[in-house]
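Data block for protein_36.pdb (PDB, C-alpha atoms, pLDDT in the B column):
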ATOM      1  CA  MET A   1       0.000   0.000   0.000  1.00 91.00           C
ATOM      2  CA  LYS A   2       2.896   2.338   0.747  1.00 90.00           C
ATOM      3  CA  ASN A   3       4.279   1.777  -2.747  1.00 92.00           C
ATOM      4  CA  TRP A   4       0.870   2.161  -4.390  1.00 95.00           C
ATOM      5  CA  LEU A   5       0.229   5.472  -2.645  1.00 92.00           C
ATOM      6  CA  ASN A   6       3.634   6.894  -3.421  1.00 91.00           C
ATOM      7  CA  ASP A   7       3.774   5.655  -7.006  1.00 94.00           C
ATOM      8  CA  ALA A   8       0.221   6.459  -8.149  1.00 96.00           C
ATOM      9  CA  ASN A   9      -0.260   9.372 -10.517  1.00 97.00           C
ATOM     10  CA  HIS A  10      -4.025   9.658 -10.056  1.00 98.00           C
ATOM     11  CA  THR A  11      -5.565   8.394  -6.816  1.00 98.00           C
ATOM     12  CA  VAL A  12      -9.334   8.501  -6.418  1.00 98.00           C
ATOM     13  CA  VAL A  13     -11.122   7.786  -3.122  1.00 98.00           C
ATOM     14  CA  PHE A  14     -14.716   6.554  -3.019  1.00 98.00           C
ATOM     15  CA  THR A  15     -16.511   6.914   0.340  1.00 98.00           C
ATOM     16  CA  GLY A  16     -19.779   5.497   1.622  1.00 96.00           C
ATOM     17  CA  ALA A  17     -21.835   5.410   4.802  1.00 94.00           C
ATOM     18  CA  GLY A  18     -19.079   3.783   6.851  1.00 95.00           C
ATOM     19  CA  MET A  19     -17.034   6.964   6.500  1.00 97.00           C
ATOM     20  CA  SER A  20     -19.860   8.959   8.094  1.00 95.00           C
ATOM     21  CA  THR A  21     -20.816   6.515  10.834  1.00 94.00           C
ATOM     22  CA  GLU A  22     -17.323   6.845  12.304  1.00 95.00           C
ATOM     23  CA  SER A  23     -18.251  10.466  12.962  1.00 94.00           C
ATOM     24  CA  GLY A  24     -21.350   9.261  14.819  1.00 91.00           C
ATOM     25  CA  LEU A  25     -23.971   9.768  12.117  1.00 88.00           C
ATOM     26  CA  PRO A  26     -26.528   6.955  11.717  1.00 79.00           C
ATOM     27  CA  ASP A  27     -26.617   5.189   8.375  1.00 69.00           C
ATOM     28  CA  PHE A  28     -29.615   3.932   6.418  1.00 55.00           C
ATOM     29  CA  ARG A  29     -29.218   0.197   6.028  1.00 48.00           C
ATOM     30  CA  SER A  30     -27.477  -1.231   9.098  1.00 46.00           C
ATOM     31  CA  VAL A  31     -29.423  -3.996  10.820  1.00 43.00           C
ATOM     32  CA  ASN A  32     -29.779  -2.391  14.235  1.00 46.00           C
ATOM     33  CA  GLN A  33     -29.757   1.381  13.765  1.00 46.00           C
ATOM     34  CA  GLY A  34     -30.369   2.005  10.068  1.00 43.00           C
ATOM     35  CA  LEU A  35     -32.768   4.875   9.426  1.00 49.00           C
ATOM     36  CA  TRP A  36     -34.729   2.816   6.923  1.00 43.00           C
ATOM     37  CA  ASN A  37     -35.539   0.312   9.673  1.00 46.00           C
ATOM     38  CA  GLN A  38     -37.576   3.086  11.272  1.00 55.00           C
ATOM     39  CA  GLN A  39     -38.919   4.902   8.191  1.00 60.00           C
ATOM     40  CA  ASP A  40     -40.205   3.854   4.780  1.00 65.00           C
ATOM     41  CA  PRO A  41     -37.955   5.747   2.328  1.00 58.00           C
ATOM     42  CA  GLY A  42     -40.683   5.764  -0.301  1.00 58.00           C
ATOM     43  CA  LYS A  43     -42.955   7.658   2.054  1.00 72.00           C
ATOM     44  CA  ILE A  44     -40.494  10.079   3.610  1.00 82.00           C
ATOM     45  CA  ALA A  45     -37.458  10.637   1.327  1.00 85.00           C
ATOM     46  CA  SER A  46     -39.029  10.728  -2.104  1.00 88.00           C
ATOM     47  CA  THR A  47     -40.356  13.216  -4.603  1.00 88.00           C
ATOM     48  CA  GLU A  48     -43.819  11.908  -3.768  1.00 88.00           C
ATOM     49  CA  ALA A  49     -43.335  12.821  -0.109  1.00 88.00           C
ATOM     50  CA  LEU A  50     -42.114  16.287  -1.067  1.00 90.00           C
ATOM     51  CA  ASN A  51     -45.190  16.828  -3.212  1.00 88.00           C
ATOM     52  CA  TYR A  52     -47.892  15.178  -1.106  1.00 90.00           C
ATOM     53  CA  ASN A  53     -46.527  14.763   2.432  1.00 90.00           C
ATOM     54  CA  VAL A  54     -44.478  17.900   2.807  1.00 92.00           C
ATOM     55  CA  ASP A  55     -44.855  18.391   6.578  1.00 93.00           C
ATOM     56  CA  GLU A  56     -43.482  14.945   7.371  1.00 91.00           C
ATOM     57  CA  PHE A  57     -40.800  15.373   4.696  1.00 93.00           C
ATOM     58  CA  ILE A  58     -39.603  18.639   6.240  1.00 95.00           C
ATOM     59  CA  ASP A  59     -39.720  17.231   9.771  1.00 92.00           C
ATOM     60  CA  PHE A  60     -37.569  14.258   8.764  1.00 91.00           C
ATOM     61  CA  TYR A  61     -34.985  16.349   6.917  1.00 94.00           C
ATOM     62  CA  ARG A  62     -34.821  19.058   9.548  1.00 94.00           C
ATOM     63  CA  THR A  63     -33.862  16.315  11.996  1.00 91.00           C
ATOM     64  CA  ARG A  64     -31.187  15.085   9.594  1.00 91.00           C
ATOM     65  CA  VAL A  65     -29.810  18.609   9.092  1.00 94.00           C
ATOM     66  CA  LEU A  66     -29.634  19.085  12.860  1.00 93.00           C
ATOM     67  CA  ASN A  67     -27.924  15.696  13.257  1.00 90.00           C
ATOM     68  CA  VAL A  68     -25.229  16.643  10.756  1.00 93.00           C
ATOM     69  CA  LYS A  69     -24.537  19.836  12.686  1.00 92.00           C
ATOM     70  CA  ASP A  70     -24.104  17.831  15.902  1.00 92.00           C
ATOM     71  CA  TYR A  71     -21.141  15.920  14.474  1.00 94.00           C
ATOM     72  CA  LYS A  72     -17.890  16.713  12.711  1.00 95.00           C
ATOM     73  CA  PRO A  73     -15.283  15.132  10.425  1.00 97.00           C
ATOM     74  CA  HIS A  74     -13.045  12.483  11.993  1.00 97.00           C
ATOM     75  CA  LYS A  75      -9.323  11.931  11.520  1.00 98.00           C
ATOM     76  CA  GLY A  76      -9.903   9.940   8.337  1.00 98.00           C
ATOM     77  CA  HIS A  77     -11.568  12.931   6.662  1.00 98.00           C
ATOM     78  CA  ARG A  78      -8.668  15.145   7.730  1.00 98.00           C
ATOM     79  CA  ILE A  79      -6.030  12.712   6.436  1.00 98.00           C
ATOM     80  CA  LEU A  80      -7.703  12.609   3.027  1.00 98.00           C
ATOM     81  CA  ALA A  81      -7.782  16.414   2.943  1.00 98.00           C
ATOM     82  CA  ASP A  82      -4.066  16.492   3.796  1.00 97.00           C
ATOM     83  CA  TRP A  83      -3.360  13.978   1.045  1.00 97.00           C
ATOM     84  CA  GLU A  84      -5.194  16.136  -1.469  1.00 97.00           C
ATOM     85  CA  ASN A  85      -3.195  19.153  -0.361  1.00 97.00           C
ATOM     86  CA  GLN A  86       0.017  17.144  -0.803  1.00 95.00           C
ATOM     87  CA  GLY A  87      -1.037  15.929  -4.247  1.00 95.00           C
ATOM     88  CA  LEU A  88      -1.464  12.293  -3.164  1.00 95.00           C
ATOM     89  CA  VAL A  89      -5.236  12.236  -3.754  1.00 97.00           C
ATOM     90  CA  GLN A  90      -6.667  13.845  -6.859  1.00 98.00           C
ATOM     91  CA  SER A  91     -10.368  13.561  -6.051  1.00 98.00           C
ATOM     92  CA  ILE A  92     -13.031  12.081  -3.793  1.00 98.00           C
ATOM     93  CA  ILE A  93     -16.268  10.510  -4.943  1.00 98.00           C
ATOM     94  CA  THR A  94     -18.770  10.244  -2.111  1.00 98.00           C
ATOM     95  CA  GLN A  95     -22.193   8.751  -1.583  1.00 96.00           C
ATOM     96  CA  ASN A  96     -22.505  10.738   1.646  1.00 96.00           C
ATOM     97  CA  VAL A  97     -24.497  13.952   2.009  1.00 95.00           C
ATOM     98  CA  ASP A  98     -23.014  15.348   5.232  1.00 96.00           C
ATOM     99  CA  GLY A  99     -20.413  17.589   3.573  1.00 97.00           C
ATOM    100  CA  PHE A 100     -17.716  16.411   6.002  1.00 97.00           C
ATOM    101  CA  HIS A 101     -15.064  16.012   3.303  1.00 98.00           C
ATOM    102  CA  GLN A 102     -15.307  19.708   2.471  1.00 97.00           C
ATOM    103  CA  LYS A 103     -15.449  20.666   6.144  1.00 96.00           C
ATOM    104  CA  ALA A 104     -12.207  18.746   6.647  1.00 98.00           C
ATOM    105  CA  GLY A 105     -10.593  20.690   3.799  1.00 98.00           C
ATOM    106  CA  SER A 106     -11.045  18.538   0.695  1.00 98.00           C
ATOM    107  CA  GLU A 107     -11.941  20.534  -2.407  1.00 97.00           C
ATOM    108  CA  ASN A 108     -12.201  18.095  -5.315  1.00 97.00           C
ATOM    109  CA  VAL A 109     -15.307  16.238  -4.139  1.00 98.00           C
ATOM    110  CA  SER A 110     -17.996  14.709  -6.323  1.00 98.00           C
ATOM    111  CA  GLU A 111     -21.166  14.426  -4.215  1.00 97.00           C
ATOM    112  CA  LEU A 112     -23.162  11.750  -6.021  1.00 96.00           C
ATOM    113  CA  HIS A 113     -26.225  12.136  -3.809  1.00 95.00           C
ATOM    114  CA  GLY A 114     -26.017  15.873  -3.123  1.00 96.00           C
ATOM    115  CA  THR A 115     -25.565  17.566   0.231  1.00 96.00           C
ATOM    116  CA  LEU A 116     -27.469  18.453   3.386  1.00 96.00           C
ATOM    117  CA  GLN A 117     -25.320  21.551   3.773  1.00 96.00           C
ATOM    118  CA  LYS A 118     -27.462  23.393   1.199  1.00 97.00           C
ATOM    119  CA  LEU A 119     -31.137  23.858   0.410  1.00 98.00           C
ATOM    120  CA  HIS A 120     -32.809  25.032  -2.735  1.00 97.00           C
ATOM    121  CA  CYS A 121     -36.291  26.126  -3.721  1.00 98.00           C
ATOM    122  CA  GLN A 122     -38.300  23.392  -5.381  1.00 95.00           C
ATOM    123  CA  SER A 123     -40.015  26.043  -7.525  1.00 96.00           C
ATOM    124  CA  CYS A 124     -37.372  28.521  -8.658  1.00 97.00           C
ATOM    125  CA  GLY A 125     -34.123  26.743  -7.719  1.00 96.00           C
ATOM    126  CA  LYS A 126     -32.656  29.539  -5.589  1.00 97.00           C
ATOM    127  CA  GLU A 127     -30.023  28.191  -3.174  1.00 97.00           C
ATOM    128  CA  TYR A 128     -29.996  28.699   0.596  1.00 98.00           C
ATOM    129  CA  LYS A 129     -27.830  27.532   3.473  1.00 96.00           C
ATOM    130  CA  SER A 130     -29.177  24.682   5.586  1.00 96.00           C
ATOM    131  CA  GLU A 131     -29.479  27.085   8.522  1.00 96.00           C
ATOM    132  CA  GLU A 132     -32.889  27.986   7.117  1.00 97.00           C
ATOM    133  CA  TYR A 133     -34.141  24.594   8.332  1.00 97.00           C
ATOM    134  CA  VAL A 134     -32.425  25.094  11.681  1.00 95.00           C
ATOM    135  CA  ASN A 135     -34.322  28.377  12.025  1.00 96.00           C
ATOM    136  CA  GLN A 136     -37.542  26.683  10.903  1.00 96.00           C
ATOM    137  CA  GLU A 137     -37.728  28.668   7.679  1.00 97.00           C
ATOM    138  CA  TYR A 138     -39.139  26.421   4.969  1.00 97.00           C
ATOM    139  CA  HIS A 139     -40.218  28.734   2.157  1.00 97.00           C
ATOM    140  CA  CYS A 140     -38.368  30.658  -0.517  1.00 97.00           C
ATOM    141  CA  GLU A 141     -39.037  34.348  -1.072  1.00 95.00           C
ATOM    142  CA  CYS A 142     -40.969  33.248  -4.175  1.00 97.00           C
ATOM    143  CA  GLY A 143     -43.239  31.132  -1.974  1.00 96.00           C
ATOM    144  CA  GLY A 144     -41.827  27.771  -3.043  1.00 96.00           C
ATOM    145  CA  ILE A 145     -40.851  24.984  -0.636  1.00 96.00           C
ATOM    146  CA  LEU A 146     -37.210  24.776   0.459  1.00 97.00           C
ATOM    147  CA  ARG A 147     -35.776  21.285   0.202  1.00 97.00           C
ATOM    148  CA  PRO A 148     -32.336  19.795   0.889  1.00 97.00           C
ATOM    149  CA  SER A 149     -30.061  19.703  -2.154  1.00 97.00           C
ATOM    150  CA  ILE A 150     -29.882  15.915  -2.120  1.00 95.00           C
ATOM    151  CA  THR A 151     -31.047  13.216  -4.493  1.00 94.00           C
ATOM    152  CA  LEU A 152     -34.454  11.913  -3.425  1.00 92.00           C
ATOM    153  CA  PHE A 153     -35.934   8.566  -4.327  1.00 87.00           C
ATOM    154  CA  GLY A 154     -37.472   9.074  -7.750  1.00 85.00           C
ATOM    155  CA  GLU A 155     -34.780  11.539  -8.917  1.00 90.00           C
ATOM    156  CA  MET A 156     -31.728  11.066 -11.107  1.00 91.00           C
ATOM    157  CA  LEU A 157     -28.249  11.615  -9.724  1.00 91.00           C
ATOM    158  CA  PRO A 158     -26.883  15.130 -10.383  1.00 93.00           C
ATOM    159  CA  GLN A 159     -25.311  14.798 -13.824  1.00 95.00           C
ATOM    160  CA  ASP A 160     -22.373  17.131 -13.180  1.00 95.00           C
ATOM    161  CA  ALA A 161     -21.294  15.048 -10.182  1.00 96.00           C
ATOM    162  CA  PHE A 162     -21.907  11.787 -12.025  1.00 96.00           C
ATOM    163  CA  GLN A 163     -19.912  12.790 -15.100  1.00 97.00           C
ATOM    164  CA  LEU A 164     -17.038  14.061 -12.947  1.00 97.00           C
ATOM    165  CA  ALA A 165     -16.998  10.785 -10.989  1.00 98.00           C
ATOM    166  CA  LEU A 166     -16.991   8.828 -14.242  1.00 98.00           C
ATOM    167  CA  ALA A 167     -14.084  10.808 -15.667  1.00 98.00           C
ATOM    168  CA  GLU A 168     -12.099  10.473 -12.432  1.00 98.00           C
ATOM    169  CA  SER A 169     -12.701   6.713 -12.287  1.00 98.00           C
ATOM    170  CA  GLU A 170     -11.431   6.321 -15.840  1.00 98.00           C
ATOM    171  CA  LYS A 171      -8.251   8.281 -15.033  1.00 98.00           C
ATOM    172  CA  ALA A 172      -7.471   6.549 -11.729  1.00 98.00           C
ATOM    173  CA  ASP A 173      -4.472   4.278 -11.364  1.00 97.00           C
ATOM    174  CA  LEU A 174      -5.272   3.764  -7.654  1.00 98.00           C
ATOM    175  CA  PHE A 175      -8.914   3.578  -6.540  1.00 98.00           C
ATOM    176  CA  ILE A 176      -9.654   3.295  -2.801  1.00 98.00           C
ATOM    177  CA  VAL A 177     -13.120   2.414  -1.494  1.00 98.00           C
ATOM    178  CA  LEU A 178     -13.770   3.453   2.113  1.00 98.00           C
ATOM    179  CA  GLY A 179     -16.879   2.352   4.005  1.00 97.00           C
ATOM    180  CA  SER A 180     -19.204   1.343   1.193  1.00 96.00           C
ATOM    181  CA  SER A 181     -21.046  -1.944   0.760  1.00 95.00           C
ATOM    182  CA  LEU A 182     -21.050  -1.168  -2.983  1.00 96.00           C
ATOM    183  CA  SER A 183     -24.682  -2.246  -3.146  1.00 93.00           C
ATOM    184  CA  VAL A 184     -26.186   0.905  -4.705  1.00 89.00           C
ATOM    185  CA  THR A 185     -26.204   1.352  -8.454  1.00 89.00           C
ATOM    186  CA  PRO A 186     -25.000   3.099 -10.522  1.00 91.00           C
ATOM    187  CA  ALA A 187     -22.435   4.385  -7.996  1.00 93.00           C
ATOM    188  CA  ASN A 188     -21.025   0.920  -7.397  1.00 95.00           C
ATOM    189  CA  GLN A 189     -19.859   0.748 -11.011  1.00 96.00           C
ATOM    190  CA  PHE A 190     -17.092   3.305 -10.510  1.00 98.00           C
ATOM    191  CA  PRO A 191     -14.652   0.866  -8.802  1.00 98.00           C
ATOM    192  CA  LEU A 192     -15.131  -1.594 -11.661  1.00 97.00           C
ATOM    193  CA  ILE A 193     -14.610   1.140 -14.253  1.00 98.00           C
ATOM    194  CA  ALA A 194     -11.349   2.078 -12.538  1.00 98.00           C
ATOM    195  CA  LYS A 195     -10.260  -1.564 -12.373  1.00 98.00           C
ATOM    196  CA  GLN A 196     -11.098  -2.147 -16.030  1.00 97.00           C
ATOM    197  CA  ASN A 197      -8.908   0.844 -16.899  1.00 97.00           C
ATOM    198  CA  GLY A 198      -5.932  -0.652 -15.093  1.00 97.00           C
ATOM    199  CA  ALA A 199      -6.208   0.834 -11.598  1.00 98.00           C
ATOM    200  CA  LYS A 200      -5.236  -0.927  -8.396  1.00 98.00           C
ATOM    201  CA  LEU A 201      -8.446  -1.396  -6.376  1.00 98.00           C
ATOM    202  CA  VAL A 202      -8.436  -1.332  -2.579  1.00 98.00           C
ATOM    203  CA  ILE A 203     -11.609  -1.884  -0.512  1.00 98.00           C
ATOM    204  CA  VAL A 204     -11.845  -1.015   3.176  1.00 98.00           C
ATOM    205  CA  ASN A 205     -15.253  -1.895   4.615  1.00 97.00           C
ATOM    206  CA  ARG A 206     -16.609  -3.359   7.831  1.00 95.00           C
ATOM    207  CA  ASP A 207     -18.171  -6.315   6.014  1.00 96.00           C
ATOM    208  CA  ALA A 208     -17.387  -8.197   2.824  1.00 97.00           C
ATOM    209  CA  THR A 209     -18.736  -6.789  -0.444  1.00 97.00           C
ATOM    210  CA  ASP A 210     -19.652  -8.452  -3.731  1.00 95.00           C
ATOM    211  CA  PHE A 211     -16.742  -6.570  -5.296  1.00 97.00           C
ATOM    212  CA  ASP A 212     -14.003  -7.930  -3.016  1.00 98.00           C
ATOM    213  CA  GLN A 213     -13.151 -10.547  -5.623  1.00 97.00           C
ATOM    214  CA  TYR A 214     -11.992  -7.798  -7.997  1.00 97.00           C
ATOM    215  CA  ALA A 215      -9.857  -5.938  -5.443  1.00 98.00           C
ATOM    216  CA  ASP A 216      -6.074  -6.005  -5.166  1.00 98.00           C
ATOM    217  CA  ASP A 217      -6.344  -5.557  -1.400  1.00 97.00           C
ATOM    218  CA  VAL A 218      -9.280  -5.900   1.013  1.00 98.00           C
ATOM    219  CA  ILE A 219      -9.515  -4.861   4.668  1.00 98.00           C
ATOM    220  CA  HIS A 220     -12.482  -5.786   6.866  1.00 97.00           C
ATOM    221  CA  SER A 221     -13.530  -5.133  10.462  1.00 94.00           C
ATOM    222  CA  ARG A 222     -11.330  -2.086  11.066  1.00 96.00           C
ATOM    223  CA  GLU A 223     -12.007   1.599  11.624  1.00 97.00           C
ATOM    224  CA  ILE A 224     -11.390   3.613   8.465  1.00 98.00           C
ATOM    225  CA  GLY A 225      -9.682   6.404  10.374  1.00 97.00           C
ATOM    226  CA  ASP A 226      -7.225   3.919  11.914  1.00 97.00           C
ATOM    227  CA  VAL A 227      -6.421   2.360   8.542  1.00 97.00           C
ATOM    228  CA  LEU A 228      -5.801   5.756   6.946  1.00 97.00           C
ATOM    229  CA  GLU A 229      -3.640   6.810   9.878  1.00 96.00           C
ATOM    230  CA  GLU A 230      -1.591   3.618   9.534  1.00 95.00           C
ATOM    231  CA  TRP A 231      -1.145   4.171   5.797  1.00 95.00           C
ATOM    232  CA  ASN A 232      -0.202   7.785   6.421  1.00 94.00           C
ATOM    233  CA  ASN A 233       2.484   6.743   8.893  1.00 93.00           C
ATOM    234  CA  LEU A 234       3.809   4.085   6.501  1.00 86.00           C
ATOM    235  CA  ARG A 235       4.510   6.712   3.875  1.00 72.00           C
ATOM    236  CA  PHE A 236       7.241   8.393   5.911  1.00 62.00           C
TER     237      PHE A 236
END
So that I can check it, write out the structure of this file as structure tokens.
Amino acid sequence: MKNWLNDANHTVVFTGAGMSTESGLPDFRSVNQGLWNQQDPGKIASTEALNYNVDEFIDFYRTRVLNVKDYKPHKGHRILADWENQGLVQSIITQNVDGFHQKAGSENVSELHGTLQKLHCQSCGKEYKSEEYVNQEYHCECGGILRPSITLFGEMLPQDAFQLALAESEKADLFIVLGSSLSVTPANQFPLIAKQNGAKLVIVNRDATDFDQYADDVIHSREIGDVLEEWNNLRF
């Protein structure tokens, strides 16, 4: 891993829910505490909910916005930001919507599912900070509903983020997956695209994934922050 990191010309990092849960945020699909064990995503996190069940939609996402503000990036986020600053990491592709990579200092981040750090008007598209939800302000000056700038069930992924992630995956010669089960399409295709283009593929995840068989190195049952810290120390 030391040699791969030091020798790579274009390293891309792909992060999933496991990266966020180490900061304390609940995920969606874990057996015991996953949010979707408590809520039906089709009823609460969809375009249908936004259009026909807006009070419950806003209540759910205000809680999520407040949760994000209660936590902060962990050492793994900060190490990745340092690596970008040093030229070791060229970009991050993330399935997470907490904005912690940017808060830690990373700049080249493709947010496949959007972000909870911003809101926009469903009617006119004007952008707002998420503090509007904190202050219980839910309407744009045009009268439209403010919604988080995330991808809801029933919506396509933001095409700018998707195309950037695709281009980065094709350029990668080292592709590192951190904390993703790689079970959500089409995002889970990026590691394979990188591998097919000759990249070394490394997967760090709590549990095994269906893509482990394609990886050049796999690490299970360890904290992501600890693994990144170990790799960081190995470099010097």
Inset, instruction - Have a look at CA of Gly198 in chain A and CA of Arg78 in chain A and let me know their distance in Å, one decimal. - result: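 Atom-to-atom, CA of Gly198 in chain A to CA of Arg78 in chain A, that is 27.9 Å.
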Would you compute the box with edges along x, y and z of the file around range 123-126 of chain A, including every atom the file lists for it and 3 Å extra on each side, and give its centre and edge lengths in Å to one decimal, as AutoDock Vina command-line options?
--center_x -36.3 --center_y 27.8 --center_z -7.1 --size_x 13.4 --size_y 9.5 --size_z 9.1
Inset, instruction - Choose the residue, out of A:Leu116, A:Val177, A:Leu66, A:Leu152, that has the smallest atom-to-atom separation from Lys195 in chain A; count all atoms listed in the file. - result: A:Val177
Inset, instruction - For the structure provided, state which residues fall under the PyMOL selection byres ((chain A and resi 160) around 12), and present them as a PyMOL selection string. - result: chain A and resi 109-114+156-159+161-167
Matched chain/residue IDs from the PyMOL selection byres ((chain A and resi 148) around 9), as an mmCIF file with C-alpha atoms, in the coordinates of the input:
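The file below, result24.cif, is the result:
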data_model
loop_
_atom_site.group_PDB
_atom_site.id
_atom_site.type_symbol
_atom_site.label_atom_id
_atom_site.label_comp_id
_atom_site.auth_asym_id
_atom_site.auth_seq_id
_atom_site.Cartn_x
_atom_site.Cartn_y
_atom_site.Cartn_z
ATOM 1 C CA TYR A 61 -34.985 16.349 6.917
ATOM 2 C CA VAL A 65 -29.810 18.609 9.092
ATOM 3 C CA GLY A 114 -26.017 15.873 -3.123
ATOM 4 C CA THR A 115 -25.565 17.566 0.231
ATOM 5 C CA LEU A 116 -27.469 18.453 3.386
ATOM 6 C CA GLN A 117 -25.320 21.551 3.773
ATOM 7 C CA LYS A 118 -27.462 23.393 1.199
ATOM 8 C CA LEU A 119 -31.137 23.858 0.410
ATOM 9 C CA HIS A 120 -32.809 25.032 -2.735
ATOM 10 C CA CYS A 121 -36.291 26.126 -3.721
ATOM 11 C CA SER A 130 -29.177 24.682 5.586
ATOM 12 C CA LEU A 146 -37.210 24.776 0.459
ATOM 13 C CA ARG A 147 -35.776 21.285 0.202
ATOM 14 C CA SER A 149 -30.061 19.703 -2.154
ATOM 15 C CA ILE A 150 -29.882 15.915 -2.120
ATOM 16 C CA THR A 151 -31.047 13.216 -4.493
#
Legend entry - Output check: residues returned by the PyMOL selection byres ((chain A and resi 106) around 9), as a list in words: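 Going through the file, the PyMOL selection byres ((chain A and resi 106) around 9) ends up selecting His77, Arg78, Leu80, Ala81, Asp82, Trp83, Glu84, Asn85, Ser91, Ile92, Phe100, His101, Gln102, Lys103, Ala104, Gly105, Glu107, Asn108 and Val109 of chain A.
Here CA of Asn233 in chain A stands at a distance of 28.8 Å from CA of Val97 in chain A.
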Legend entry - Selected residue, from A:Ala199, A:Glu141, A:Gly16, A:Leu178, that lies nearest to Val218 in chain A when counting all atoms listed in the file: A:Leu178
Inset, instruction - Record the distance separating CA of Tyr52 in chain A and CA of Gln122 in chain A, expressed in Å with one decimal. - result: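 So the answer is 13.3 Å.
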Inset, instruction - Could you pull out every residue with an atom within 9 Å of (-11.4, 8.9, -15.0), file coordinates, counting all atoms listed in the file, and send them as a list in words? - result: His10, Val12, Leu164, Ala165, Leu166, Ala167, Glu168, Ser169, Glu170, Lys171, Ala172, Ile193, Ala194 and Asn197 of chain A
Legend entry - Nearest candidate to Lys75 in chain A (options A:Asn9, A:Asn205, A:Ser221, A:Ser20; using all atoms listed in the file): A:Ser20
Inset, instruction - Point out the residue among A:Lys43, A:Lys72, A:Lys129, A:Lys2 with the least atom-to-atom distance to Leu228 in chain A, counting all atoms listed in the file. - result: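 Under the stated criterion, the closest residue is A:Lys2.
Within the 9 Å cut-off around Leu25 in chain A, using all atoms listed in the file and omitting residues fewer than 2 positions from it on the same chain, the listed residues are Ala17, Ser20, Thr21, Glu22, Ser23, Asp27, Asn67, Val68, Asp70, Tyr71 and Asp98 of chain A.
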Inset, instruction - Determine the nearest neighbour of His74 in chain A from the options A:Asp226, A:Asp217, A:Val202, A:Val54, counting all atoms listed in the file. - result: A:Asp226
Could I get range 71-87 of chain A rebuilt with N, CA and C atoms, written as an mmCIF file, in the frame of the given file?
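So part-v9.cif came out as:
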data_model
loop_
_atom_site.group_PDB
_atom_site.id
_atom_site.type_symbol
_atom_site.label_atom_id
_atom_site.label_comp_id
_atom_site.auth_asym_id
_atom_site.auth_seq_id
_atom_site.Cartn_x
_atom_site.Cartn_y
_atom_site.Cartn_z
ATOM 1 N N TYR A 71 -22.338 16.725 14.628
ATOM 2 C CA TYR A 71 -21.141 15.920 14.474
ATOM 3 C C TYR A 71 -20.136 16.647 13.600
ATOM 4 N N LYS A 72 -18.957 16.062 13.479
ATOM 5 C CA LYS A 72 -17.890 16.713 12.711
ATOM 6 C C LYS A 72 -17.016 15.660 12.039
ATOM 7 N N PRO A 73 -16.180 16.078 11.099
ATOM 8 C CA PRO A 73 -15.283 15.132 10.425
ATOM 9 C C PRO A 73 -14.350 14.446 11.422
ATOM 10 N N HIS A 74 -13.998 13.191 11.142
ATOM 11 C CA HIS A 74 -13.045 12.483 11.993
ATOM 12 C C HIS A 74 -11.658 12.514 11.353
ATOM 13 N N LYS A 75 -10.720 11.841 11.982
ATOM 14 C CA LYS A 75 -9.323 11.931 11.520
ATOM 15 C C LYS A 75 -9.152 11.401 10.102
ATOM 16 N N GLY A 76 -9.992 10.445 9.702
ATOM 17 C CA GLY A 76 -9.903 9.940 8.337
ATOM 18 C C GLY A 76 -10.209 11.006 7.306
ATOM 19 N N HIS A 77 -11.254 11.813 7.562
ATOM 20 C CA HIS A 77 -11.568 12.931 6.662
ATOM 21 C C HIS A 77 -10.378 13.889 6.566
ATOM 22 N N ARG A 78 -9.767 14.173 7.704
ATOM 23 C CA ARG A 78 -8.668 15.145 7.730
ATOM 24 C C ARG A 78 -7.431 14.605 7.006
ATOM 25 N N ILE A 79 -7.168 13.307 7.134
ATOM 26 C CA ILE A 79 -6.030 12.712 6.436
ATOM 27 C C ILE A 79 -6.226 12.804 4.929
ATOM 28 N N LEU A 80 -7.436 12.511 4.465
ATOM 29 C CA LEU A 80 -7.703 12.609 3.027
ATOM 30 C C LEU A 80 -7.525 14.040 2.526
ATOM 31 N N ALA A 81 -7.965 15.009 3.322
ATOM 32 C CA ALA A 81 -7.782 16.414 2.943
ATOM 33 C C ALA A 81 -6.298 16.761 2.865
ATOM 34 N N ASP A 82 -5.512 16.264 3.818
ATOM 35 C CA ASP A 82 -4.066 16.492 3.796
ATOM 36 C C ASP A 82 -3.439 15.854 2.558
ATOM 37 N N TRP A 83 -3.894 14.659 2.227
ATOM 38 C CA TRP A 83 -3.360 13.978 1.045
ATOM 39 C C TRP A 83 -3.676 14.748 -0.231
ATOM 40 N N GLU A 84 -4.863 15.319 -0.299
ATOM 41 C CA GLU A 84 -5.194 16.136 -1.469
ATOM 42 C C GLU A 84 -4.278 17.350 -1.536
ATOM 43 N N ASN A 85 -4.060 17.972 -0.410
ATOM 44 C CA ASN A 85 -3.195 19.153 -0.361
ATOM 45 C C ASN A 85 -1.760 18.819 -0.763
ATOM 46 N N GLN A 86 -1.338 17.580 -0.466
ATOM 47 C CA GLN A 86 0.017 17.144 -0.803
ATOM 48 C C GLN A 86 0.111 16.578 -2.222
ATOM 49 N N GLY A 87 -1.037 16.474 -2.900
ATOM 50 C CA GLY A 87 -1.037 15.929 -4.247
ATOM 51 C C GLY A 87 -1.097 14.414 -4.314
#
